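Structure below is protein.csv: CSV, C-alpha atoms.
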chain,number,residue,atom,x,y,z
J,1134,ASN,CA,-6.1,-19.3,-4.0
J,1135,ALA,CA,-3.7,-17.2,-6.1
J,1136,GLY,CA,-2.8,-13.8,-4.9
J,1137,VAL,CA,-3.3,-10.5,-6.7
J,1138,MET,CA,-1.7,-10.6,-10.1
J,1139,GLN,CA,-0.3,-7.6,-11.9
J,1140,ASN,CA,1.3,-7.4,-15.3
J,1141,PRO,CA,3.6,-6.5,-16.6
J,1142,ARG,CA,6.0,-6.4,-13.7
J,1143,HIS,CA,8.3,-3.9,-15.5
J,1144,LEU,CA,7.3,-1.5,-18.3
J,1145,VAL,CA,9.4,0.9,-20.2
J,1146,ARG,CA,7.8,3.6,-22.2
J,1147,ARG,CA,9.1,6.6,-24.1
J,1148,ARG,CA,7.6,10.0,-23.4
J,1149,GLY,CA,4.3,10.5,-25.2
J,1150,GLN,CA,3.5,6.8,-25.4
J,1151,GLU,CA,0.6,5.1,-23.6
J,1152,ALA,CA,1.0,2.7,-20.6
J,1153,ARG,CA,-1.5,0.0,-19.7
J,1154,LEU,CA,-1.2,-1.7,-16.4
J,1155,ARG,CA,-3.3,-4.7,-15.5
J,1156,CYS,CA,-4.5,-6.1,-12.2
J,1157,SER,CA,-6.4,-9.4,-11.6
J,1158,PRO,CA,-7.8,-9.4,-8.1
J,1159,MET,CA,-7.9,-12.4,-5.8
J,1160,LYS,CA,-10.7,-14.8,-6.4
J,1161,GLY,CA,-13.9,-13.7,-4.7
J,1162,HIS,CA,-12.7,-10.1,-4.3
J,1163,SER,CA,-14.9,-7.5,-6.0
J,1164,HIS,CA,-13.1,-4.3,-4.8
J,1165,VAL,CA,-9.9,-3.0,-6.5
J,1166,TYR,CA,-7.6,-0.2,-5.5
J,1167,TRP,CA,-4.7,1.4,-7.3
J,1168,TYR,CA,-1.8,3.1,-5.5
J,1169,ARG,CA,1.3,4.8,-6.7
J,1170,GLN,CA,4.7,4.8,-5.0
J,1171,LEU,CA,7.1,7.4,-6.0
J,1172,PRO,CA,10.8,6.9,-5.2
J,1173,GLU,CA,11.6,7.2,-1.5
J,1174,GLU,CA,8.0,7.8,-0.7
J,1175,GLY,CA,5.0,6.0,0.7
J,1176,LEU,CA,2.1,4.8,-1.3
J,1177,LYS,CA,-0.6,7.3,-2.4
J,1178,PHE,CA,-4.1,6.3,-3.2
J,1179,MET,CA,-5.3,6.8,-6.7
J,1180,VAL,CA,-8.6,5.1,-7.4
J,1181,TYR,CA,-11.1,2.6,-5.9
J,1182,LEU,CA,-13.3,0.5,-8.2
J,1183,GLN,CA,-15.9,-2.1,-8.0
J,1184,LYS,CA,-17.1,-4.1,-11.0
J,1185,GLU,CA,-18.0,-1.6,-13.7
J,1186,ASN,CA,-18.0,1.3,-11.3
J,1187,ILE,CA,-15.6,3.9,-10.1
J,1188,ILE,CA,-16.3,4.5,-6.4
J,1189,ASP,CA,-13.6,7.0,-5.5
J,1190,GLU,CA,-11.1,8.6,-7.9
J,1191,SER,CA,-10.0,11.4,-5.6
J,1192,GLY,CA,-6.4,10.5,-6.0
J,1193,MET,CA,-6.3,10.3,-9.7
J,1194,PRO,CA,-4.6,13.1,-11.7
J,1195,LYS,CA,-7.2,15.0,-13.7
J,1196,GLU,CA,-5.6,14.5,-17.0
J,1197,ARG,CA,-4.1,11.5,-18.9
J,1198,PHE,CA,-5.0,8.9,-16.2
J,1199,SER,CA,-8.0,6.6,-16.3
J,1200,ALA,CA,-9.0,3.3,-14.7
J,1201,GLU,CA,-11.6,0.7,-15.3
J,1202,PHE,CA,-12.8,-2.6,-13.8
J,1203,PRO,CA,-15.0,-4.3,-16.4
J,1204,LYS,CA,-17.5,-7.1,-15.7
J,1205,GLU,CA,-15.1,-9.6,-17.3
J,1206,GLY,CA,-11.3,-9.4,-17.1
J,1207,PRO,CA,-8.8,-7.5,-15.1
J,1208,SER,CA,-8.8,-3.9,-13.9
J,1209,ILE,CA,-6.8,-1.6,-16.2
J,1210,LEU,CA,-4.9,1.6,-15.2
J,1211,ARG,CA,-4.2,3.6,-18.3
J,1212,ILE,CA,-1.8,6.5,-18.6
J,1213,GLN,CA,-1.8,8.4,-21.8
J,1214,GLN,CA,1.1,10.5,-23.1
J,1215,VAL,CA,3.4,9.5,-20.3
J,1216,VAL,CA,5.9,11.9,-18.9
J,1217,ARG,CA,9.1,11.3,-16.9
J,1218,GLY,CA,7.2,12.2,-13.7
J,1219,ASP,CA,5.0,9.2,-14.2
J,1220,SER,CA,7.9,6.9,-13.5
J,1221,ALA,CA,6.9,5.0,-10.3
J,1222,ALA,CA,5.8,1.7,-8.9
J,1223,TYR,CA,2.0,1.2,-9.3
J,1224,PHE,CA,0.4,-1.2,-6.9
J,1225,CYS,CA,-3.0,-2.8,-7.1
J,1226,ALA,CA,-4.8,-4.2,-4.1
J,1227,SER,CA,-8.0,-6.1,-3.8
J,1228,SER,CA,-10.4,-6.9,-1.0
J,1229,PRO,CA,-13.7,-8.5,-0.2
J,1230,GLN,CA,-16.1,-5.8,0.9
J,1231,GLY,CA,-15.1,-3.9,4.0
J,1232,ARG,CA,-12.0,-5.9,4.8
J,1233,GLU,CA,-8.2,-5.6,4.6
J,1234,GLN,CA,-6.6,-5.1,1.3
J,1235,TYR,CA,-4.2,-7.5,-0.3
J,1236,PHE,CA,-1.5,-6.1,-2.6
J,1237,GLY,CA,0.0,-7.4,-5.8
J,1238,PRO,CA,3.7,-7.3,-6.6
J,1239,GLY,CA,3.4,-4.0,-8.5
J,1240,THR,CA,4.3,-2.7,-12.0
J,1241,ARG,CA,7.4,-0.6,-12.2
J,1242,LEU,CA,7.0,2.0,-14.9
J,1243,THR,CA,10.0,3.7,-16.3
J,1244,VAL,CA,9.6,6.6,-18.7
J,1245,THR,CA,12.6,7.4,-20.9
A,331,GLY,CA,-8.2,14.9,6.3
A,332,ASN,CA,-6.7,11.6,7.5
A,333,SER,CA,-2.9,11.4,7.9
A,334,VAL,CA,-0.2,9.1,9.2
A,335,THR,CA,3.2,10.2,10.6
A,336,GLN,CA,5.8,7.5,11.2
A,337,MET,CA,9.3,7.5,12.4
A,338,GLU,CA,11.8,8.3,9.6
A,339,GLY,CA,14.6,5.9,9.0
A,340,PRO,CA,16.7,4.3,8.1
A,341,VAL,CA,16.9,2.2,11.2
A,342,THR,CA,19.9,-0.1,11.6
A,343,LEU,CA,20.0,-2.8,14.4
A,344,SER,CA,22.0,-5.8,15.3
A,345,GLU,CA,20.3,-9.2,15.3
A,346,GLU,CA,18.3,-9.9,18.5
A,347,ALA,CA,17.9,-6.2,19.3
A,348,PHE,CA,14.6,-4.6,20.3
A,349,LEU,CA,12.7,-2.8,17.7
A,350,THR,CA,10.3,0.1,18.0
A,351,ILE,CA,8.9,2.1,15.0
A,352,ASN,CA,6.7,5.0,16.0
A,353,CYS,CA,3.4,5.8,14.2
A,354,THR,CA,0.9,8.4,15.1
A,355,TYR,CA,-2.2,9.3,13.2
A,356,THR,CA,-4.9,12.0,12.6
A,357,ALA,CA,-8.3,10.8,11.7
A,358,THR,CA,-12.0,11.5,12.1
A,359,GLY,CA,-14.0,8.9,13.8
A,360,TYR,CA,-12.5,5.5,14.6
A,361,PRO,CA,-10.1,4.3,11.9
A,362,SER,CA,-8.7,0.9,11.4
A,363,LEU,CA,-4.9,0.8,11.7
A,364,PHE,CA,-2.4,-1.4,9.9
A,365,TRP,CA,1.2,-2.2,9.5
A,366,TYR,CA,2.4,-3.4,6.1
A,367,VAL,CA,5.9,-4.7,5.2
A,368,GLN,CA,7.6,-4.4,1.9
A,369,TYR,CA,10.6,-6.6,1.0
A,370,PRO,CA,12.9,-5.4,-1.7
A,371,GLY,CA,11.3,-5.6,-5.2
A,372,GLU,CA,8.0,-6.9,-3.8
A,373,GLY,CA,4.6,-5.6,-3.0
A,374,LEU,CA,3.2,-4.9,0.4
A,375,GLN,CA,2.2,-7.6,2.8
A,376,LEU,CA,-0.2,-7.1,5.6
A,377,LEU,CA,1.8,-7.6,8.9
A,378,LEU,CA,-0.9,-6.9,11.5
A,379,LYS,CA,-4.0,-4.8,12.1
A,380,ALA,CA,-6.3,-3.4,14.8
A,381,THR,CA,-9.8,-2.1,14.3
A,382,LYS,CA,-10.7,-0.5,17.7
A,383,ALA,CA,-9.1,1.2,20.6
A,384,ASP,CA,-6.9,-1.0,22.9
A,385,ASP,CA,-6.8,-3.8,20.3
A,386,LYS,CA,-3.4,-5.4,20.0
A,387,GLY,CA,-2.4,-6.7,16.6
A,388,SER,CA,0.3,-9.4,16.5
A,389,ASN,CA,2.1,-11.5,13.9
A,390,LYS,CA,5.5,-13.1,13.5
A,391,GLY,CA,6.7,-11.7,16.8
A,392,PHE,CA,5.6,-8.1,15.9
A,393,GLU,CA,3.0,-6.3,18.0
A,394,ALA,CA,1.2,-3.0,17.9
A,395,THR,CA,-1.5,-1.6,20.2
A,396,TYR,CA,-4.2,0.8,19.1
A,397,ARG,CA,-3.9,3.7,21.5
A,398,LYS,CA,-6.7,6.2,21.0
A,399,GLU,CA,-5.7,8.6,23.8
A,400,THR,CA,-2.3,9.1,22.2
A,401,THR,CA,-3.5,8.4,18.6
A,402,SER,CA,-0.6,6.0,18.2
A,403,PHE,CA,0.0,2.5,16.8
A,404,HIS,CA,3.7,1.8,17.4
A,405,LEU,CA,5.3,-1.3,16.0
A,406,GLU,CA,7.5,-3.4,18.3
A,407,LYS,CA,9.4,-6.7,18.2
A,408,GLY,CA,11.5,-8.0,21.0
A,409,SER,CA,14.2,-9.7,19.0
A,410,VAL,CA,14.8,-8.8,15.4
A,411,GLN,CA,16.3,-11.1,12.8
A,412,VAL,CA,18.2,-10.4,9.6
A,413,SER,CA,15.2,-11.6,7.7
A,414,ASP,CA,13.2,-8.7,9.1
A,415,SER,CA,15.1,-6.3,7.0
A,416,ALA,CA,12.5,-4.5,4.9
A,417,VAL,CA,10.5,-1.2,4.7
A,418,TYR,CA,7.6,-0.9,7.2
A,419,PHE,CA,4.5,1.2,6.5
A,420,CYS,CA,1.9,2.3,9.0
A,421,ALA,CA,-1.5,2.9,7.4
A,422,LEU,CA,-5.1,3.7,8.3
A,423,ALA,CA,-8.5,3.4,6.8
A,424,GLY,CA,-11.6,5.2,8.0
A,425,GLY,CA,-13.7,8.3,8.0
A,426,GLY,CA,-16.2,6.6,5.8
A,427,SER,CA,-13.5,5.8,3.2
A,428,GLU,CA,-12.0,2.4,2.4
A,429,LYS,CA,-8.8,3.9,0.9
A,430,LEU,CA,-5.6,3.4,2.8
A,431,VAL,CA,-3.6,6.4,3.9
A,432,PHE,CA,0.1,5.5,4.4
A,433,GLY,CA,3.0,6.9,6.3
A,434,LYS,CA,6.2,7.4,4.3
A,435,GLY,CA,7.8,4.1,5.4
A,436,THR,CA,10.7,3.2,7.7
A,437,LYS,CA,13.5,1.2,6.3
A,438,LEU,CA,14.9,-1.4,8.7
A,439,THR,CA,18.3,-3.1,8.3
A,440,VAL,CA,19.2,-5.9,10.6
A,441,ASN,CA,22.9,-6.9,10.7
A,442,PRO,CA,24.1,-10.3,11.8
Would you encode the structure as structure tokens?
Amino acid sequence: NAGVMQNPRHLVRRRGQEARLRCSPMKGHSHVYWYRQLPEEGLKFMVYLQKENIIDESGMPKERFSAEFPKEGPSILRIQQVVRGDSAAYFCASSPQGREQYFGPGTRLTVT
Amino acid sequence: GNSVTQMEGPVTLSEEAFLTINCTYTATGYPSLFWYVQYPGEGLQLLLKATKADDKGSNKGFEATYRKETTSFHLEKGSVQVSDSAVYFCALAGGGSEKLVFGKGTKLTVNP
């Protein structure tokens, strides 16, 4: 059983561009979570999704950030008009309902 | 709201030394508690967990006991190895939410 897959692993964007981060959960997992890790800090929750539904987006910035988990395909975290402060590692985790979360390797976003 | 406070590092030990990383939490109800480990350039791996008071989680020689009276979940290992060098995160989930709340992480370096 393959683990949580994230791509790309590294992403460089200029200020003002869009960033799209993809996450494929483990087989059989219907719950996806996105976390952000700023340099020298712990992980901060962003959003929790199930197939076609956003369950909790209390950690998402109000502007420029959006997430989806369509019926088919990976979950997408989209950041529009990126700024330097968006530079961070973005981790996706998946779980079967009500159980521990398994993390992907992360996407390291650098905004120049 | 829920929060986790863990011992700040960095921590540097010699091989075979005893390790303790302190973690305390604030939460409503009865949270589940976790320790995750992050090796350089990688995602988080679940190290151990405990879901109720007095539970002891253990894995790879690491242990932590869920202490409700002191709201603590300290990580211990009797004899560390160079390969244990990593960043360790304490986390909780609870209060009706599945999202994980993380401490800031403790960087451990073990020297031969």
Inset, instruction - Take atom CA of A:Tyr366 and atom CA of J:His1162 and report the distance between them in Å, one decimal. - result: 19.5 Å
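Proximity to A:Gln375 at 7 Å, evaluated using only C-alpha atoms and with sequence-adjacent residues fewer than 4 positions away removed, yields Phe1236 of chain J; Tyr366, Val367 and Gln368 of chain A.
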Take the residues that were just selected and, keeping C-alpha atoms, output them as a CSV table (one decimal), in the coordinates of the input.
chain,number,residue,atom,x,y,z
J,1236,PHE,CA,-1.5,-6.1,-2.6
A,366,TYR,CA,2.4,-3.4,6.1
A,367,VAL,CA,5.9,-4.7,5.2
A,368,GLN,CA,7.6,-4.4,1.9
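The residue set within 6 Å of stretch 1142-1154 of chain J, counting only C-alpha atoms and dropping same-chain residues fewer than 4 places from it, reads Ile1209, Leu1210, Arg1211, Ile1212, Gln1213, Gln1214, Val1215, Val1216, Thr1240, Arg1241, Leu1242, Thr1243, Val1244 and Thr1245 of chain J.
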Just to be explicit: take each residue in the selection above, keep C-alpha atoms, and write the result as a PDB file, in the frame of the given file.
ATOM      1  CA  ILE J1209      -6.800  -1.600 -16.200  1.00  0.00           C
ATOM      2  CA  LEU J1210      -4.900   1.600 -15.200  1.00  0.00           C
ATOM      3  CA  ARG J1211      -4.200   3.600 -18.300  1.00  0.00           C
ATOM      4  CA  ILE J1212      -1.800   6.500 -18.600  1.00  0.00           C
ATOM      5  CA  GLN J1213      -1.800   8.400 -21.800  1.00  0.00           C
ATOM      6  CA  GLN J1214       1.100  10.500 -23.100  1.00  0.00           C
ATOM      7  CA  VAL J1215       3.400   9.500 -20.300  1.00  0.00           C
ATOM      8  CA  VAL J1216       5.900  11.900 -18.900  1.00  0.00           C
ATOM      9  CA  THR J1240       4.300  -2.700 -12.000  1.00  0.00           C
ATOM     10  CA  ARG J1241       7.400  -0.600 -12.200  1.00  0.00           C
ATOM     11  CA  LEU J1242       7.000   2.000 -14.900  1.00  0.00           C
ATOM     12  CA  THR J1243      10.000   3.700 -16.300  1.00  0.00           C
ATOM     13  CA  VAL J1244       9.600   6.600 -18.700  1.00  0.00           C
ATOM     14  CA  THR J1245      12.600   7.400 -20.900  1.00  0.00           C
TER      15      THR J1245
END
Contact residues (chain J, partner chain A, 9 Å, all atoms listed in the file) as a CSV table (one decimal) with C-alpha atoms, in the frame of the given file:
chain,number,residue,atom,x,y,z
J,1166,TYR,CA,-7.6,-0.2,-5.5
J,1173,GLU,CA,11.6,7.2,-1.5
J,1174,GLU,CA,8.0,7.8,-0.7
J,1175,GLY,CA,5.0,6.0,0.7
J,1176,LEU,CA,2.1,4.8,-1.3
J,1177,LYS,CA,-0.6,7.3,-2.4
J,1178,PHE,CA,-4.1,6.3,-3.2
J,1179,MET,CA,-5.3,6.8,-6.7
J,1180,VAL,CA,-8.6,5.1,-7.4
J,1181,TYR,CA,-11.1,2.6,-5.9
J,1189,ASP,CA,-13.6,7.0,-5.5
J,1224,PHE,CA,0.4,-1.2,-6.9
J,1231,GLY,CA,-15.1,-3.9,4.0
J,1232,ARG,CA,-12.0,-5.9,4.8
J,1233,GLU,CA,-8.2,-5.6,4.6
J,1234,GLN,CA,-6.6,-5.1,1.3
J,1235,TYR,CA,-4.2,-7.5,-0.3
J,1236,PHE,CA,-1.5,-6.1,-2.6
J,1237,GLY,CA,0.0,-7.4,-5.8
J,1238,PRO,CA,3.7,-7.3,-6.6
J,1239,GLY,CA,3.4,-4.0,-8.5
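The closest residue to J:Met1159, picked from J:Gly1136, J:Pro1229, J:Gly1218, J:Gly1206 and counting all atoms listed in the file, is J:Gly1136.
With only C-alpha atoms as the atoms that count, the minimum distance from J:Ile1187 to the choices J:Ser1199, J:Ser1157, J:Asn1140, J:Ser1227 is reached by J:Ser1199.
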Inset, instruction - Figure out the distance between atom CA of A:Thr335 and atom CA of J:Met1193, please, to one decimal in Å. - result: 22.4 Å
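Computed from the coordinates, the atom CA of A:Tyr369 to atom CA of A:Tyr355 distance equals 23.8 Å.
Between A:Phe403 and the residues A:Lys437, A:Leu422, A:Gly359, A:Asn389, the shortest atom-to-atom distance, using all atoms listed in the file, involves A:Leu422.
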Missing atoms of stretch 332-352 of chain A rebuilt to N, CA and C atoms, written as a PDB file, in the frame of the given file:
ATOM      1  N   ASN A 332      -7.435  12.669   6.845  1.00  0.00           N
ATOM      2  CA  ASN A 332      -6.700  11.600   7.500  1.00  0.00           C
ATOM      3  C   ASN A 332      -5.189  11.708   7.174  1.00  0.00           C
ATOM      4  N   SER A 333      -4.331  11.432   8.146  1.00  0.00           N
ATOM      5  CA  SER A 333      -2.900  11.400   7.900  1.00  0.00           C
ATOM      6  C   SER A 333      -2.193  10.472   8.847  1.00  0.00           C
ATOM      7  N   VAL A 334      -1.014  10.022   8.425  1.00  0.00           N
ATOM      8  CA  VAL A 334      -0.200   9.100   9.200  1.00  0.00           C
ATOM      9  C   VAL A 334       1.232   9.664   9.246  1.00  0.00           C
ATOM     10  N   THR A 335       1.799   9.728  10.432  1.00  0.00           N
ATOM     11  CA  THR A 335       3.200  10.200  10.600  1.00  0.00           C
ATOM     12  C   THR A 335       3.958   9.031  11.245  1.00  0.00           C
ATOM     13  N   GLN A 336       4.996   8.576  10.592  1.00  0.00           N
ATOM     14  CA  GLN A 336       5.800   7.500  11.200  1.00  0.00           C
ATOM     15  C   GLN A 336       7.249   7.907  11.231  1.00  0.00           C
ATOM     16  N   MET A 337       7.933   7.260  12.155  1.00  0.00           N
ATOM     17  CA  MET A 337       9.300   7.500  12.400  1.00  0.00           C
ATOM     18  C   MET A 337      10.130   7.387  11.123  1.00  0.00           C
ATOM     19  N   GLU A 338      10.946   8.380  10.858  1.00  0.00           N
ATOM     20  CA  GLU A 338      11.800   8.300   9.600  1.00  0.00           C
ATOM     21  C   GLU A 338      12.986   7.459   9.901  1.00  0.00           C
ATOM     22  N   GLY A 339      13.388   6.756   8.887  1.00  0.00           N
ATOM     23  CA  GLY A 339      14.600   5.900   9.000  1.00  0.00           C
ATOM     24  C   GLY A 339      15.771   6.592   8.350  1.00  0.00           C
ATOM     25  N   PRO A 340      16.705   5.791   7.935  1.00  0.00           N
ATOM     26  CA  PRO A 340      16.700   4.300   8.100  1.00  0.00           C
ATOM     27  C   PRO A 340      17.048   3.958   9.568  1.00  0.00           C
ATOM     28  N   VAL A 341      16.607   2.770   9.949  1.00  0.00           N
ATOM     29  CA  VAL A 341      16.900   2.200  11.200  1.00  0.00           C
ATOM     30  C   VAL A 341      17.837   1.004  11.027  1.00  0.00           C
ATOM     31  N   THR A 342      18.943   0.975  11.736  1.00  0.00           N
ATOM     32  CA  THR A 342      19.900  -0.100  11.600  1.00  0.00           C
ATOM     33  C   THR A 342      20.065  -0.752  13.005  1.00  0.00           C
ATOM     34  N   LEU A 343      19.842  -2.052  13.106  1.00  0.00           N
ATOM     35  CA  LEU A 343      20.000  -2.800  14.400  1.00  0.00           C
ATOM     36  C   LEU A 343      20.794  -4.015  14.197  1.00  0.00           C
ATOM     37  N   SER A 344      21.294  -4.495  15.298  1.00  0.00           N
ATOM     38  CA  SER A 344      22.000  -5.800  15.300  1.00  0.00           C
ATOM     39  C   SER A 344      20.929  -6.877  15.583  1.00  0.00           C
ATOM     40  N   GLU A 345      21.223  -8.062  15.109  1.00  0.00           N
ATOM     41  CA  GLU A 345      20.300  -9.200  15.300  1.00  0.00           C
ATOM     42  C   GLU A 345      20.044  -9.343  16.832  1.00  0.00           C
ATOM     43  N   GLU A 346      18.804  -9.667  17.166  1.00  0.00           N
ATOM     44  CA  GLU A 346      18.300  -9.900  18.500  1.00  0.00           C
ATOM     45  C   GLU A 346      18.039  -8.573  19.280  1.00  0.00           C
ATOM     46  N   ALA A 347      18.238  -7.431  18.654  1.00  0.00           N
ATOM     47  CA  ALA A 347      17.900  -6.200  19.300  1.00  0.00           C
ATOM     48  C   ALA A 347      16.423  -5.946  19.358  1.00  0.00           C
ATOM     49  N   PHE A 348      16.005  -4.998  20.211  1.00  0.00           N
ATOM     50  CA  PHE A 348      14.600  -4.600  20.300  1.00  0.00           C
ATOM     51  C   PHE A 348      14.263  -3.552  19.316  1.00  0.00           C
ATOM     52  N   LEU A 349      13.094  -3.695  18.698  1.00  0.00           N
ATOM     53  CA  LEU A 349      12.700  -2.800  17.700  1.00  0.00           C
ATOM     54  C   LEU A 349      11.439  -1.994  18.097  1.00  0.00           C
ATOM     55  N   THR A 350      11.459  -0.676  17.888  1.00  0.00           N
ATOM     56  CA  THR A 350      10.300   0.100  18.000  1.00  0.00           C
ATOM     57  C   THR A 350      10.245   1.072  16.767  1.00  0.00           C
ATOM     58  N   ILE A 351       9.139   1.102  16.062  1.00  0.00           N
ATOM     59  CA  ILE A 351       8.900   2.100  15.000  1.00  0.00           C
ATOM     60  C   ILE A 351       7.657   2.845  15.371  1.00  0.00           C
ATOM     61  N   ASN A 352       7.814   4.154  15.587  1.00  0.00           N
ATOM     62  CA  ASN A 352       6.700   5.000  16.000  1.00  0.00           C
ATOM     63  C   ASN A 352       5.757   5.342  14.896  1.00  0.00           C
TER      64      ASN A 352
END
